[in-house]
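K.L.:
Input: one structure, supplied below.
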Amino acid sequence: MLAEYRVLGPLEVLLDGEPVAVPAGRLQTLLATLLLRPNQFVPVDELVERIWDSAPPTAGRARKTLHMVVARLRSALAPADCVRTRPGGYLAEVEPDQLDLLRFRALAGAGDFGAASALWRGPVLGNVASDSLHRDDVPGLEDERLDVLESRMEADLDRGLGRELVAELRSLVGDHPLRESFWRYLMLALCRAGQQAEALATYQQVREKLADELGVDPGPALQELHRQILRGDVPAGGRQVPRQLPAGIRNFVGRDDKLRLLGQTSGVTVVHGVGGVGKTALALHWARAARDRFPDGDLYLDLRGFAPEAQPVDPAAAAETLLAGLGVDAVPADPDARFALLRTTLADRRLLLVLDNAASPRQVLPLLPGTSGVRVVITSRNQFRALVAQHDATAIGLLQLDVAAALTLLAAVLGAARLDAEPEAAREIVERCTGLPLALRVFAERVARFPDVSLREFVAELEEARLDALTDFDDIDVRAVFSWSYKALDAESARMFRLLSVHPGVDFDVGAAAALAGVSVVRARRLLERLVADHLVQSRTPGRYDLHDLLRAYSAELCGDDEDAALRLTEWYVHTLENATSLDPAQISMRADALTTDVVPQGFASWSDGFRWRRQEWANLKAVAFAALARGWERQAMVIPVQLLSYLVVDSTHRHDAIDLFEAVCGFGPVGEQGLVRTKLAALYDFLGRQEDALRNFEIGLPLVRAMGEPALVAGVLTNLSRTYSTLGRREEAEASIREALAIAVEIDDVYRQTILHCNLASRFNRDERWAEALAESDLAAPLAARLDDEFLVTRVRGYRAAALAGAGRYAEAEPELRAVVEVMRRMGDTDGVTEGLGLIGDVLVGQGRLDEAAAAWQEAADIYRSRGDVRADALAARVAALR
């Protein structure tokens with residue numbers, strides 16, 4: 001028999017799941033006191049004090065009475081008795097899994113804060129009447145619970161949750177109004193739920209409560225979060241929880257044995273079978289049902305192993321995409337380093353990874369995690385025997401649906417009554433479609449629109465449309481079904497279906513489809529939805545569409561090469577990209593040629609809208625560029641990577657993936673434009689830390705850019721080149737590049753560029769302790785910044801000047817300047833500026849012998865760093881300790 005004891009709520013004892021009655025009063029108090037100290041000796045005196053609430057009878061009588069209480073408790077517990085007698089006292093002997101308190105502590109120690117918190121059923125020992133127990137023992141347990149709750153909230157926020165936590169956190173701040181951590185988590189959750197105004201109001205609420213009840217201001221962590229909200233730069237969760245599974249298909253039927261097998265296996269599973277047999281549908285149907293088993297998220301990647309018009313995804317590019325999905329920004333350039341980082345990032349996660357349409361084991365082996373916590377499901381037309389034999393993968397082979405399952409699928413779409421009325425025709429449809437789910441769905445969706453037409457008539461049409469099998473379709477005659485459904489389309493929908501194969505990307509939106517067909521967006525959406533209804537096009541996420549690879553191959557066979565549609569699509573992407581790029585602060589260095597078709601490029605209301613479009617369309621833009629190159633349209637191909645660089649500056653996700661695109665367009669076009677491509681490629685290499693490659697491309701490209709006769713472009717290239725020189729430690733060449741760029745900026749009266757370049761020099765000279773030169777550059781920048789009426793830039797210049805004064809030992813002049821800079825930075829919410837300024841103020845005060853004030857400045861900076869989890873806090877704290 002298994003006894004279980006519970007104290008994290010009302011006191012309960014269970015024996016084989018059935019409650020054991022423990023009489024109220026002294027028996028409950030005795031048991032509770034012992035269980036709160038599991039497996040620990042408790043002396044008689046302490047038990048007497050608890051049982052009689054600090055007012056026991058005479059010592060002798062109390063001990064005798066305690067013996068009686070123990071005996072009655074043992075009798076009440078019977079087989080569940082856990083009380084053991086020891087000289088001078090007693091103990092409760094329990095196993096770790098018998099007492100909820102022990103399980104709570106074990107789970108918390110293992111970092112499973114959610115499971116630990118779930119063990120609490122209400123107030124600790126809420127049914128035990130003992131003032132001393134609730135005064136002396138319970139508060140410590142409540143603190144443990146709150147500490148674990150804090151850890152759970154922090155972990156949930158790190159996993160990307162926000163809206164889901166708001167209600168619980170509101171309850172927690174109501175119950176614990178002076179616990180600042182809960183207020184901070186509530187503000188974070190509100191921000192991540194898109195409720196910034198409510199988060200700011202919450203800060204005002206806690207500030208007033210702390211002032212009224214304690215007479216203090218919120219702590220540094222709350223204040224810093226408040227400033228971040230005002231600036232709009234609330235940090236994202238430390239650990240991103242991806243949820244990438246596409247929507248499953250409607251009317252999924254059968255495959256119960258395969259679904260069970262997927263649920264029973266672990267590690268890596270390969271689902272294999274012919275095209276159209278339902279591999280992806282099976283994997284996604286199971287994955288969506290099982291996703292709650294994977295608290296750290298799910299990743300999905302289409303490896304395009306059998307796409308007719310596209311190359312399979314390279315494993316290194318796949319690793320980059322997966323790392324981006326996991327929230328990793330800095331992706332190594334070396335493929336092996338990427339694969340190692342992917343394994344490291346997955347190491348402690350419970351996550352589901354679906355690799356769809358894999359071509360070969362070589363494509364997936366580098367992506368497999370080295371941990372049992374990640375479940376991997378691979379779909380492929382190949383059996384992956386090497387993976388099964390050498391890496392302990394489980395293989396699940398899919399065949400066509402049997403007659404019963406195929407009829408069930410038809411009935412789900414057409415209705416069972418319709419099939420029952422013509423059972424022979426229904427069986428013939430199954431035979432004609434060879435039990436292939438894709439073919440059955442395409443057929444059934446077409447038939448469903450004509451409820452009054454006999455199935456026999458459709459069978460006759462299907463037989464007339466029957467064609468030879470296509471070897472590309474794994475020798476299964478699905479083209480007969482496709483051709484039959486295609487012939488049932490109206491002319492405009494049929495044309496749209498044919499033209500979709502011209503799109504070189506994996507998926508597309510309505511705007512791209514409208515450009516392909518040369519119709520309005522409204523008309524394109526209607527046509528696409530008609531094709532979706534016929535199962536000729538899929539829509540896995542709202543607003544985006546794609547074709548199954550078999551249908552894409554069939555569409556391409558019908559369409560052939562439509563160069564007019566390809567040109568419309570290319571011009572639409574190029575000019576839409578230019579509209580997005582035009583909202584960036586940087587100047588567009590290469591513009592698209594004038595439109596030669598009647599497409600209407602998409603426009604954008606804001607920079608963020610244009611940025612989101614570029615992120616969403618990255619893969620398509622790259623595919624369109626390569627397709628343009630293949631057609632000899634070098635100019636359109638060159639514009640795409642050049643205009644994408646400003647996006648890559650902000651978003652590092654695709655920098656590695658962009659290298660081959662830039663390299664592919666090098667050498668085309670006029671000399672000057674070749675130089676632009678080279679220098680953009682050089683800047684990209686510099687971002688990736690490949691300075692030698694960057695320098696090589698700068699050296700090739702800069703002379704070509706000079707030949708263009710565009711001074712502003714030359715100045716921009718020189719500025720980027722100086723950064724590469726500086727990283728390589730070639731300081732003189734770095735300074736010379738900036739000086740030349742500055743001379744050009746003066747010549748063309750570019751005040752902003754002049755200011756920035758003087759600031760760059762001032763910063764460089766401060767780092768090199770060339771104080772007089774730093775002062776000179778700051779003095780040159782100051783009037784230029786004032787002309788621009790940019791307070792931030794003016795303050796930045798002032799900061800460089802104050803740093804130079806401090807370095808030169810001119811402390812009396814530096815201090816007021818630094819204090820003024822810090823106050824402006826505080827007002828603007830720039831915490832980096834505040835901490836840097838406070839650090840310099842401390843240096844200046846030390847130089848003047850004002851050590852206590854210096855310690856206070858450094859301490860404030862350290863507190864800000866610590867609230868952000870910045871390791872620089874420790875260094876400053878050590879300096880404070882040294883002063884004190």
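Chain lettering (A, B, ...) mirrors the order of the structure tokens, residue numbering begins at 1 for each chain separately, and ligand numbering begins at 1 in order of display.
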Determine, using only C-alpha atoms, which residues of region 328-403 of chain A have any atom at most 12 Å from an atom of region 641-654 of chain A, and tabulate each with its shortest atom pair and distance in Å to one decimal place, rows ordered by chain and then rising number, as CSV.

P.N.:
```
residue,atom,partner,partner_atom,distance
A:Val328,CA,A:Thr653,CA,8.2
A:Asp329,CA,A:Thr653,CA,6.1
A:Ala330,CA,A:Ser652,CA,7.2
A:Val331,CA,A:Thr653,CA,7.7
A:Pro332,CA,A:Thr653,CA,11.0
A:Ala333,CA,A:His654,CA,11.1
```

K.L.:
Kindly save the residues from that selection, with N, CA, C and O atoms included, as a compact mmCIF listing (two decimals), in the first residue's frame.

P.N.:
```
# COMPACT_ATOMS: atom_id res chain seq x y z
N VAL A 328 18.55 33.00 -32.08
CA VAL A 328 20.00 33.24 -32.11
C VAL A 328 20.30 34.29 -33.17
O VAL A 328 19.91 34.14 -34.33
N ASP A 329 20.97 35.37 -32.79
CA ASP A 329 21.29 36.45 -33.74
C ASP A 329 22.65 36.26 -34.40
O ASP A 329 22.79 36.44 -35.60
N ALA A 330 23.65 35.91 -33.61
CA ALA A 330 25.01 35.80 -34.14
C ALA A 330 25.25 34.37 -34.64
O ALA A 330 25.53 33.46 -33.87
N VAL A 331 25.11 34.17 -35.95
CA VAL A 331 25.27 32.85 -36.55
C VAL A 331 26.65 32.77 -37.19
O VAL A 331 27.00 33.62 -38.02
N PRO A 332 27.45 31.77 -36.87
CA PRO A 332 28.80 31.68 -37.45
C PRO A 332 28.74 31.49 -38.97
O PRO A 332 27.78 30.94 -39.52
N ALA A 333 29.80 31.93 -39.66
CA ALA A 333 29.87 31.75 -41.10
C ALA A 333 30.23 30.32 -41.47
O ALA A 333 29.75 29.79 -42.47
```

K.L.:
Neighbouring residues of Ala221 (chain A) were defined as those with any atom within 9 Å, considering only C-alpha atoms; residues of the same chain fewer than 5 positions away were excluded. Please report them as a list in words.

P.N.:
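Contacts, in chain order: Glu180, Ser181, Arg184, His226, Asp863, Ile864, Arg866, Ser867 and Arg868 of chain A.
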
K.L.:
For the selection just defined, write its residues with N, CA and C atoms to a file, as a PDB file, in the first residue's frame.

P.N.:
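To be explicit, this is the file written out as result.pdb:
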```pdb
ATOM      1  N   GLU A 180       8.203  43.683  -5.433  1.00  0.00           N
ATOM      2  CA  GLU A 180       8.428  44.419  -6.678  1.00  0.00           C
ATOM      3  C   GLU A 180       8.629  43.498  -7.878  1.00  0.00           C
ATOM      4  N   SER A 181       9.160  42.299  -7.638  1.00  0.00           N
ATOM      5  CA  SER A 181       9.416  41.403  -8.778  1.00  0.00           C
ATOM      6  C   SER A 181       8.125  41.086  -9.522  1.00  0.00           C
ATOM      7  N   ARG A 184       7.150  43.919 -11.689  1.00  0.00           N
ATOM      8  CA  ARG A 184       8.000  43.997 -12.885  1.00  0.00           C
ATOM      9  C   ARG A 184       7.569  42.963 -13.925  1.00  0.00           C
ATOM     10  N   HIS A 226      10.747  50.733 -16.636  1.00  0.00           N
ATOM     11  CA  HIS A 226       9.888  51.878 -16.966  1.00  0.00           C
ATOM     12  C   HIS A 226      10.516  52.730 -18.060  1.00  0.00           C
ATOM     13  N   ASP A 863      24.352  49.494 -10.282  1.00  0.00           N
ATOM     14  CA  ASP A 863      22.960  49.076 -10.065  1.00  0.00           C
ATOM     15  C   ASP A 863      22.198  49.005 -11.388  1.00  0.00           C
ATOM     16  N   ILE A 864      22.444  49.956 -12.258  1.00  0.00           N
ATOM     17  CA  ILE A 864      21.767  49.935 -13.565  1.00  0.00           C
ATOM     18  C   ILE A 864      22.232  48.725 -14.372  1.00  0.00           C
ATOM     19  N   ARG A 866      23.420  45.951 -13.202  1.00  0.00           N
ATOM     20  CA  ARG A 866      22.929  44.715 -12.589  1.00  0.00           C
ATOM     21  C   ARG A 866      21.459  44.493 -12.911  1.00  0.00           C
ATOM     22  N   SER A 867      20.662  45.544 -12.974  1.00  0.00           N
ATOM     23  CA  SER A 867      19.238  45.394 -13.296  1.00  0.00           C
ATOM     24  C   SER A 867      19.040  44.871 -14.708  1.00  0.00           C
ATOM     25  N   ARG A 868      20.073  45.049 -15.553  1.00  0.00           N
ATOM     26  CA  ARG A 868      20.001  44.563 -16.935  1.00  0.00           C
ATOM     27  C   ARG A 868      20.733  43.232 -17.114  1.00  0.00           C
TER      28      ARG A 868
END
```

K.L.:
As JSON, numbers by chain, which residues of region 680-737 of chain A does DSSP assign to helix (DSSP H, G or I)?

P.N.:
{"A": [680, 681, 682, 683, 684, 685, 686, 687, 691, 692, 693, 694, 695, 696, 697, 698, 699, 700, 701, 702, 703, 704, 705, 706, 711, 712, 713, 714, 715, 716, 717, 718, 719, 720, 721, 722, 723, 724, 725, 726, 727, 731, 732, 733, 734, 735, 736, 737]}

K.L.:
Determine, using only C-alpha atoms, which residues of region 250-362 of chain A have any atom at most 10 Å from an atom of region 423-439 of chain A, and tabulate each with its shortest atom pair and distance in Å to one decimal place, rows ordered by chain and then rising number, as CSV.

P.N.:
```
residue,atom,partner,partner_atom,distance
A:Phe252,CA,A:Pro437,CA,9.4
A:Val253,CA,A:Pro437,CA,9.5
A:Val274,CA,A:Leu436,CA,9.2
A:Gly275,CA,A:Leu438,CA,8.8
A:Gly276,CA,A:Leu438,CA,5.1
A:Val277,CA,A:Leu436,CA,5.3
A:Gly278,CA,A:Pro437,CA,6.1
A:Lys279,CA,A:Pro437,CA,9.9
A:Ala281,CA,A:Pro437,CA,9.5
```

K.L.:
For Gln28 (chain A), work out the shell of residues within 8 Å, counting only C-alpha atoms and skipping chain neighbours fewer than 5 positions away, then give it as number ranges by chain.

P.N.:
A: 11, 22-23, 128

K.L.:
Could you save those same residues with N, CA and C atoms as a CSV table (one decimal), in the first residue's frame?

P.N.:
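Ended up saving to again_13.csv:
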```csv
chain,number,residue,atom,x,y,z
A,11,LEU,N,-4.1,19.9,5.2
A,11,LEU,CA,-3.4,18.7,5.6
A,11,LEU,C,-4.2,17.5,5.1
A,22,VAL,N,-7.7,12.2,9.7
A,22,VAL,CA,-6.9,12.6,10.8
A,22,VAL,C,-7.7,13.6,11.7
A,23,PRO,N,-8.1,13.2,12.9
A,23,PRO,CA,-8.9,14.1,13.7
A,23,PRO,C,-8.3,15.4,13.9
A,128,VAL,N,-5.4,23.3,9.7
A,128,VAL,CA,-4.8,23.0,10.9
A,128,VAL,C,-4.8,24.2,11.8
```

K.L.:
Assign secondary structure with DSSP using the backbone only, and return the residues of region 267-448 of chain A in strand (DSSP E) as a VMD selection string.

P.N.:
chain A and resid 268 to 272 298 to 302 351 to 356 374 to 380 394 to 397

K.L.:
Can you tell me, as a VMD selection string, what residues are no more than 9 Å from Val510 (chain A) when counting only C-alpha atoms, ignoring any on the same chain fewer than 5 positions away?

P.N.:
chain A and resid 515 521 to 522 524 to 525 528 543 to 545

K.L.:
Could you turn the residues from that selection into a file that holds all heavy atoms, as an mmCIF file, in the first residue's frame?

P.N.:
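File result-v2.cif, as written:
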```cif
data_model
loop_
_atom_site.group_PDB
_atom_site.id
_atom_site.type_symbol
_atom_site.label_atom_id
_atom_site.label_comp_id
_atom_site.auth_asym_id
_atom_site.auth_seq_id
_atom_site.Cartn_x
_atom_site.Cartn_y
_atom_site.Cartn_z
ATOM 1 N N ALA A 515 0.697 40.228 -59.678
ATOM 2 C CA ALA A 515 1.714 40.630 -60.650
ATOM 3 C C ALA A 515 1.920 39.546 -61.710
ATOM 4 O O ALA A 515 2.037 39.844 -62.907
ATOM 5 C CB ALA A 515 3.023 40.936 -59.924
ATOM 6 N N VAL A 521 -5.222 43.108 -57.240
ATOM 7 C CA VAL A 521 -5.062 42.302 -56.036
ATOM 8 C C VAL A 521 -6.391 41.672 -55.636
ATOM 9 O O VAL A 521 -6.449 40.503 -55.228
ATOM 10 C CB VAL A 521 -4.483 43.160 -54.888
ATOM 11 C CG1 VAL A 521 -4.559 42.421 -53.556
ATOM 12 C CG2 VAL A 521 -3.044 43.544 -55.186
ATOM 13 N N VAL A 522 -7.469 42.429 -55.768
ATOM 14 C CA VAL A 522 -8.790 41.908 -55.416
ATOM 15 C C VAL A 522 -9.134 40.699 -56.289
ATOM 16 O O VAL A 522 -9.602 39.662 -55.815
ATOM 17 C CB VAL A 522 -9.864 43.002 -55.557
ATOM 18 C CG1 VAL A 522 -11.261 42.417 -55.364
ATOM 19 C CG2 VAL A 522 -9.603 44.118 -54.563
ATOM 20 N N ALA A 524 -6.999 38.784 -57.965
ATOM 21 C CA ALA A 524 -6.067 37.686 -57.680
ATOM 22 C C ALA A 524 -6.507 36.911 -56.446
ATOM 23 O O ALA A 524 -6.441 35.674 -56.414
ATOM 24 C CB ALA A 524 -4.657 38.229 -57.487
ATOM 25 N N ARG A 525 -6.962 37.625 -55.418
ATOM 26 C CA ARG A 525 -7.403 36.933 -54.204
ATOM 27 C C ARG A 525 -8.597 36.025 -54.501
ATOM 28 O O ARG A 525 -8.670 34.887 -54.016
ATOM 29 C CB ARG A 525 -7.761 37.945 -53.113
ATOM 30 C CG ARG A 525 -8.169 37.290 -51.796
ATOM 31 C CD ARG A 525 -8.430 38.298 -50.698
ATOM 32 N NE ARG A 525 -7.191 38.865 -50.192
ATOM 33 C CZ ARG A 525 -6.797 40.114 -50.431
ATOM 34 N NH1 ARG A 525 -7.537 40.915 -51.169
ATOM 35 N NH2 ARG A 525 -5.666 40.562 -49.934
ATOM 36 N N LEU A 528 -7.286 32.946 -56.321
ATOM 37 C CA LEU A 528 -6.538 32.056 -55.439
ATOM 38 C C LEU A 528 -7.471 31.269 -54.524
ATOM 39 O O LEU A 528 -7.267 30.071 -54.293
ATOM 40 C CB LEU A 528 -5.533 32.857 -54.612
ATOM 41 C CG LEU A 528 -4.316 33.390 -55.366
ATOM 42 C CD1 LEU A 528 -3.529 34.345 -54.478
ATOM 43 C CD2 LEU A 528 -3.420 32.253 -55.850
ATOM 44 N N GLY A 543 -3.130 34.575 -45.732
ATOM 45 C CA GLY A 543 -2.553 35.535 -46.666
ATOM 46 C C GLY A 543 -1.418 35.009 -47.510
ATOM 47 O O GLY A 543 -0.910 35.723 -48.378
ATOM 48 N N ARG A 544 -0.982 33.755 -47.267
ATOM 49 C CA ARG A 544 0.121 33.194 -48.045
ATOM 50 C C ARG A 544 -0.303 31.862 -48.656
ATOM 51 O O ARG A 544 -1.072 31.106 -48.056
ATOM 52 C CB ARG A 544 1.378 33.029 -47.196
ATOM 53 C CG ARG A 544 1.891 34.348 -46.643
ATOM 54 C CD ARG A 544 3.327 34.255 -46.206
ATOM 55 N NE ARG A 544 4.255 34.162 -47.318
ATOM 56 C CZ ARG A 544 4.649 35.188 -48.056
ATOM 57 N NH1 ARG A 544 4.167 36.391 -47.847
ATOM 58 N NH2 ARG A 544 5.520 35.007 -49.037
ATOM 59 N N TYR A 545 0.235 31.586 -49.844
ATOM 60 C CA TYR A 545 -0.207 30.439 -50.626
ATOM 61 C C TYR A 545 1.008 29.685 -51.157
ATOM 62 O O TYR A 545 2.091 30.255 -51.317
ATOM 63 C CB TYR A 545 -1.063 30.904 -51.806
ATOM 64 C CG TYR A 545 -2.264 31.729 -51.403
ATOM 65 C CD1 TYR A 545 -2.160 33.106 -51.192
ATOM 66 C CD2 TYR A 545 -3.510 31.131 -51.229
ATOM 67 C CE1 TYR A 545 -3.266 33.859 -50.809
ATOM 68 C CE2 TYR A 545 -4.616 31.875 -50.858
ATOM 69 C CZ TYR A 545 -4.484 33.240 -50.646
ATOM 70 O OH TYR A 545 -5.580 33.981 -50.263
#
```
